Amino acid sequence: MDASSDADIVGRVLDGDVDAFALLVERYRDRCARYAMHMLGNREDAEEVMQDAFVRAYRALGRCEDPERFGAWLFRILVNRCRTAGARRSRRARTFVSDELALMSASQEHPAERTAWREEIQRALAELRPEQREAFLLKNVEGLGYEEMSEMTGVGVSALKMRVMRACDRLRVLLQEANSA
Amino acid sequence: MPDHEPMVADAVLGELRQPVPVSATFNARVMRAIQELPHRHGRVVPLPTRSSPRRIRIAFGAVAAGVLAMFALPSSPRAHARRVQFVLVAPRARNVKVVGDFNGWDTSHAAFHAKNRGGGVWSVTAPVPVGHHRYAFLVDDTVWVADPMAPRADEDFGTPNSALLVPDQE
Amino acid sequence: MRRALRSAAGLLFLPAAAASAQRPALGAAFDPATRAAIQSIVDSARADGLPADALVNKALEGAGKHAAGPRIVGAVRMLYGELAASREALGAASRRDEVTAGAQALHAGAATPDLHALRLAAGRRPLGMPLMVLTDLMSRGVPPETAAGIMDSLVRAGARDADLVAFQRNVRLDVDRGAAPAAAATTRVRGALAALRSH
């Protein structure tokens, strides 16, 4: 794995070394995939949004003010793209789609019970309002602080805390229902 | 509002923090999309009229220059379409068609088949509905050419397009 | 006999009799899976009040250029998001051609705040041509931030469509002759703004 810093790689890309951008894709792909998958609920949409985010990041690379924190800047782009994708999907019936790839990789490494548990969590996430799901994932899965979340989303800290709290309350209820079923 | 953090079971968070599978082709798809962008950092991708190995090669040797009214002044208010003249200089072409949003990207519309006016000049005047349109010239049914004189539009499918705005009134 | 008129660009064009624009249809150009995926996106766009015709036209372009089904669906999906973002940035009351042109600008690298800033700068004046020229500048290599700033300046100075056409033509000619795109655009805008101020 290339040990160059983000700033080094960004500099190379801006100098014309397009292929160097692949290092950034490799470096941040998995983190983007985790958020996009949990936010959107299916791998196809998640990968499409991720690809869009990476391409937009490439295009706007000259405007990345702190190349050393390219990952955070990219993640902000991803969060916004997930919002746009989620907004148009919310007007259609939201259908949870079993992910064949996820099921295959999960079954190779984990017992079937864990696969089912993972699906239950994803179903519960899908039941949350998009803004609650976003706040929950950013805070509790991606580990962002409220100030950073506020800067990223434009939502006040108090409102974000309320969204996280309601998301947690709802998830507890949904997962308890699932466990008792 | 209480400042304590609401708890969700560690088992749930632990599961959500696990990596999720990504298609094996994802990285390649991203880089391919970036390679196909119309411009890149550090240098400008040359115009289609120059040698451009990743674009469809132009069949005729002469540089194709087009002249196009980017918009047409109306003579009657509230008309739904304007007649727009499309012109392409392509001395070695056998046929030239104008294809775009205004004709459903269908090359069979005879109204948009240009005529050879002599001296390498091909032109056609056709009605174009009011609004924003993307289009290109199709030369010899094989080579897509953007209008070099018109504003550029997207090129999602690897060939360049031009933009046209037909206003509904002036 | 109708008289031919000349545009500001000195080109020949003719007035037309009123003609109704036909709504584009997907037709038989796609395999069932691709068609279904595209139709779903188009239906959502119509329900959202977005210019769904732009999505159909994107799909038809892909078919006309013999692109693979998944690639067409991907392009249509991306455009859907860009149309939504464009309308959000430009305002719900925006004209269809503005939303479509705004989506093109986003696709070429503009950011939604750039579109919003143009709307604030333009007020009630139409933005179709400014957005087209913005897209063109970025497509020719002018960095998005620079291009957006240039268009904002021109719109604020009251540039009309004919002024923007002339500006775009001058930048294009300079770039064709080998000028660096950003240098050409920033040089030409100074002249354009000076001309506007002297009116």
# chains A, B, ... in the order shown; residues from 1 in each chain; ligands from 1
>>> interface_residues(of="chain A", to="chain B", cutoff="8 Å", atoms="only C-alpha atoms", output="NGL selection string")
:A and (13-16 or 18-19 or 21-22 or 25-26 or 30-31 or 33-34 or 37-38 or 43 or 47 or 51 or 54-55 or 58-59 or 101-102 or 105 or 118 or 121 or 140-142 or 164-165 or 168-169 or 171-172)
>>> write_last_selection(atoms="N, CA and C atoms", output="mmCIF file, in the first residue's frame")
data_model
loop_
_atom_site.group_PDB
_atom_site.id
_atom_site.type_symbol
_atom_site.label_atom_id
_atom_site.label_comp_id
_atom_site.auth_asym_id
_atom_site.auth_seq_id
_atom_site.Cartn_x
_atom_site.Cartn_y
_atom_site.Cartn_z
ATOM 1 N N VAL A 13 -2.084 14.450 -8.421
ATOM 2 C CA VAL A 13 -3.248 14.454 -9.314
ATOM 3 C C VAL A 13 -3.415 15.819 -9.957
ATOM 4 N N LEU A 14 -3.257 16.869 -9.166
ATOM 5 C CA LEU A 14 -3.421 18.215 -9.712
ATOM 6 C C LEU A 14 -2.323 18.555 -10.706
ATOM 7 N N ASP A 15 -1.212 17.868 -10.601
ATOM 8 C CA ASP A 15 -0.140 18.067 -11.574
ATOM 9 C C ASP A 15 -0.352 17.257 -12.845
ATOM 10 N N GLY A 16 -1.414 16.484 -12.877
ATOM 11 C CA GLY A 16 -1.737 15.763 -14.093
ATOM 12 C C GLY A 16 -1.649 14.252 -13.996
ATOM 13 N N VAL A 18 -3.332 11.497 -13.304
ATOM 14 C CA VAL A 18 -4.707 11.058 -13.045
ATOM 15 C C VAL A 18 -4.723 9.734 -12.302
ATOM 16 N N ASP A 19 -3.824 8.834 -12.682
ATOM 17 C CA ASP A 19 -3.845 7.491 -12.095
ATOM 18 C C ASP A 19 -3.595 7.516 -10.594
ATOM 19 N N PHE A 21 -5.020 9.215 -8.530
ATOM 20 C CA PHE A 21 -6.286 9.331 -7.815
ATOM 21 C C PHE A 21 -6.791 7.965 -7.374
ATOM 22 N N ALA A 22 -6.375 6.920 -8.078
ATOM 23 C CA ALA A 22 -6.788 5.568 -7.694
ATOM 24 C C ALA A 22 -6.335 5.226 -6.275
ATOM 25 N N VAL A 25 -8.975 6.522 -4.050
ATOM 26 C CA VAL A 25 -10.169 5.676 -4.146
ATOM 27 C C VAL A 25 -9.993 4.448 -3.264
ATOM 28 N N GLU A 26 -8.840 3.816 -3.383
ATOM 29 C CA GLU A 26 -8.576 2.612 -2.584
ATOM 30 C C GLU A 26 -8.566 2.930 -1.094
ATOM 31 N N ASP A 30 -13.720 1.918 1.345
ATOM 32 C CA ASP A 30 -14.450 1.090 2.309
ATOM 33 C C ASP A 30 -15.233 1.940 3.299
ATOM 34 N N ARG A 31 -14.645 3.032 3.724
ATOM 35 C CA ARG A 31 -15.371 3.891 4.653
ATOM 36 C C ARG A 31 -16.594 4.492 3.976
ATOM 37 N N ALA A 33 -18.193 3.185 1.498
ATOM 38 C CA ALA A 33 -19.151 2.110 1.248
ATOM 39 C C ALA A 33 -19.978 1.832 2.498
ATOM 40 N N ARG A 34 -19.339 1.847 3.632
ATOM 41 C CA ARG A 34 -20.054 1.551 4.879
ATOM 42 C C ARG A 34 -21.153 2.561 5.117
ATOM 43 N N MET A 37 -23.891 2.438 2.149
ATOM 44 C CA MET A 37 -24.707 1.231 2.212
ATOM 45 C C MET A 37 -25.745 1.342 3.319
ATOM 46 N N HIS A 38 -25.330 1.780 4.493
ATOM 47 C CA HIS A 38 -26.267 1.887 5.613
ATOM 48 C C HIS A 38 -27.257 3.005 5.383
ATOM 49 N N ARG A 43 -26.748 -2.125 -2.240
ATOM 50 C CA ARG A 43 -25.372 -1.944 -2.704
ATOM 51 C C ARG A 43 -25.308 -1.200 -4.030
ATOM 52 N N GLU A 47 -23.068 2.076 -4.383
ATOM 53 C CA GLU A 47 -21.880 2.165 -5.249
ATOM 54 C C GLU A 47 -22.044 3.267 -6.283
ATOM 55 N N GLN A 51 -19.467 6.292 -6.462
ATOM 56 C CA GLN A 51 -18.748 6.636 -7.693
ATOM 57 C C GLN A 51 -18.960 8.103 -8.025
ATOM 58 N N PHE A 54 -16.791 10.219 -5.702
ATOM 59 C CA PHE A 54 -15.368 10.207 -6.063
ATOM 60 C C PHE A 54 -15.112 11.050 -7.312
ATOM 61 N N VAL A 55 -15.991 10.953 -8.300
ATOM 62 C CA VAL A 55 -15.807 11.727 -9.530
ATOM 63 C C VAL A 55 -15.951 13.220 -9.244
ATOM 64 N N TYR A 58 -12.881 14.399 -7.588
ATOM 65 C CA TYR A 58 -11.803 14.585 -8.567
ATOM 66 C C TYR A 58 -11.959 15.932 -9.280
ATOM 67 N N ARG A 59 -13.170 16.171 -9.765
ATOM 68 C CA ARG A 59 -13.419 17.407 -10.523
ATOM 69 C C ARG A 59 -13.115 18.649 -9.686
ATOM 70 N N LEU A 101 -24.231 -10.228 -2.778
ATOM 71 C CA LEU A 101 -22.795 -10.209 -2.513
ATOM 72 C C LEU A 101 -22.539 -10.222 -1.021
ATOM 73 N N ALA A 102 -23.322 -9.420 -0.292
ATOM 74 C CA ALA A 102 -23.143 -9.369 1.148
ATOM 75 C C ALA A 102 -23.468 -10.715 1.769
ATOM 76 N N SER A 105 -20.576 -13.180 1.038
ATOM 77 C CA SER A 105 -19.355 -12.970 1.815
ATOM 78 C C SER A 105 -19.624 -13.222 3.284
ATOM 79 N N ARG A 118 -27.603 -9.030 10.808
ATOM 80 C CA ARG A 118 -27.167 -7.893 10.002
ATOM 81 C C ARG A 118 -28.345 -7.373 9.168
ATOM 82 N N ILE A 121 -30.773 -5.398 11.361
ATOM 83 C CA ILE A 121 -30.283 -4.050 11.647
ATOM 84 C C ILE A 121 -30.523 -3.150 10.441
ATOM 85 N N ASN A 140 -22.715 7.742 15.565
ATOM 86 C CA ASN A 140 -22.441 6.489 16.276
ATOM 87 C C ASN A 140 -21.666 5.459 15.477
ATOM 88 N N VAL A 141 -21.662 5.615 14.157
ATOM 89 C CA VAL A 141 -20.916 4.648 13.348
ATOM 90 C C VAL A 141 -19.641 5.280 12.803
ATOM 91 N N GLU A 142 -19.775 6.514 12.302
ATOM 92 C CA GLU A 142 -18.591 7.162 11.732
ATOM 93 C C GLU A 142 -17.796 7.941 12.771
ATOM 94 N N VAL A 164 -30.334 12.152 16.756
ATOM 95 C CA VAL A 164 -29.617 10.952 17.190
ATOM 96 C C VAL A 164 -30.408 10.240 18.279
ATOM 97 N N MET A 165 -30.938 11.002 19.228
ATOM 98 C CA MET A 165 -31.676 10.395 20.329
ATOM 99 C C MET A 165 -32.914 9.668 19.808
ATOM 100 N N CYS A 168 -31.945 6.468 18.015
ATOM 101 C CA CYS A 168 -31.585 5.393 18.944
ATOM 102 C C CYS A 168 -32.841 4.798 19.589
ATOM 103 N N ASP A 169 -33.750 5.667 19.998
ATOM 104 C CA ASP A 169 -34.992 5.172 20.612
ATOM 105 C C ASP A 169 -35.744 4.274 19.650
ATOM 106 N N LEU A 171 -34.616 2.677 16.978
ATOM 107 C CA LEU A 171 -33.881 1.447 16.666
ATOM 108 C C LEU A 171 -34.047 0.428 17.777
ATOM 109 N N ARG A 172 -34.011 0.895 19.016
ATOM 110 C CA ARG A 172 -34.172 -0.047 20.137
ATOM 111 C C ARG A 172 -35.528 -0.737 20.040
#
>>> closest_atom_pairs(of="chain A", to="chain C", cutoff="7 Å", atoms="only C-alpha atoms", output="Markdown table")
| residue | atom | partner | partner_atom | distance |
| --- | --- | --- | --- | --- |
| A:Arg56 | CA | C:Gly109 | CA | 7.0 |
| A:Arg59 | CA | C:Gly109 | CA | 6.0 |
| A:Ala60 | CA | C:Gly109 | CA | 6.7 |
| A:Thr84 | CA | C:Gly81 | CA | 6.1 |
| A:Ala85 | CA | C:Gly81 | CA | 6.4 |
>>> write_last_selection(atoms="N, CA and C atoms", output="short mmCIF file (atom, residue, chain, number, x, y, z; two decimals), in the first residue's frame")
data_model
loop_
_atom_site.label_atom_id
_atom_site.label_comp_id
_atom_site.auth_asym_id
_atom_site.auth_seq_id
_atom_site.Cartn_x
_atom_site.Cartn_y
_atom_site.Cartn_z
N ARG A 56 -16.93 13.56 -8.42
CA ARG A 56 -17.08 14.97 -8.06
C ARG A 56 -15.88 15.47 -7.29
N ARG A 59 -13.17 16.17 -9.77
CA ARG A 59 -13.42 17.41 -10.52
C ARG A 59 -13.11 18.65 -9.69
N ALA A 60 -13.50 18.58 -8.43
CA ALA A 60 -13.37 19.76 -7.57
C ALA A 60 -12.08 19.76 -6.77
N THR A 84 -29.15 13.56 -1.66
CA THR A 84 -29.85 13.75 -2.93
C THR A 84 -30.44 12.43 -3.40
N ALA A 85 -29.67 11.37 -3.29
CA ALA A 85 -30.16 10.07 -3.74
C ALA A 85 -31.31 9.61 -2.86
#
>>> closest_residue(among="A:Ala116, A:Val49, A:Ala126, A:Cys32", to="Leu174 (chain A)", atoms="only C-alpha atoms")
A:Ala126
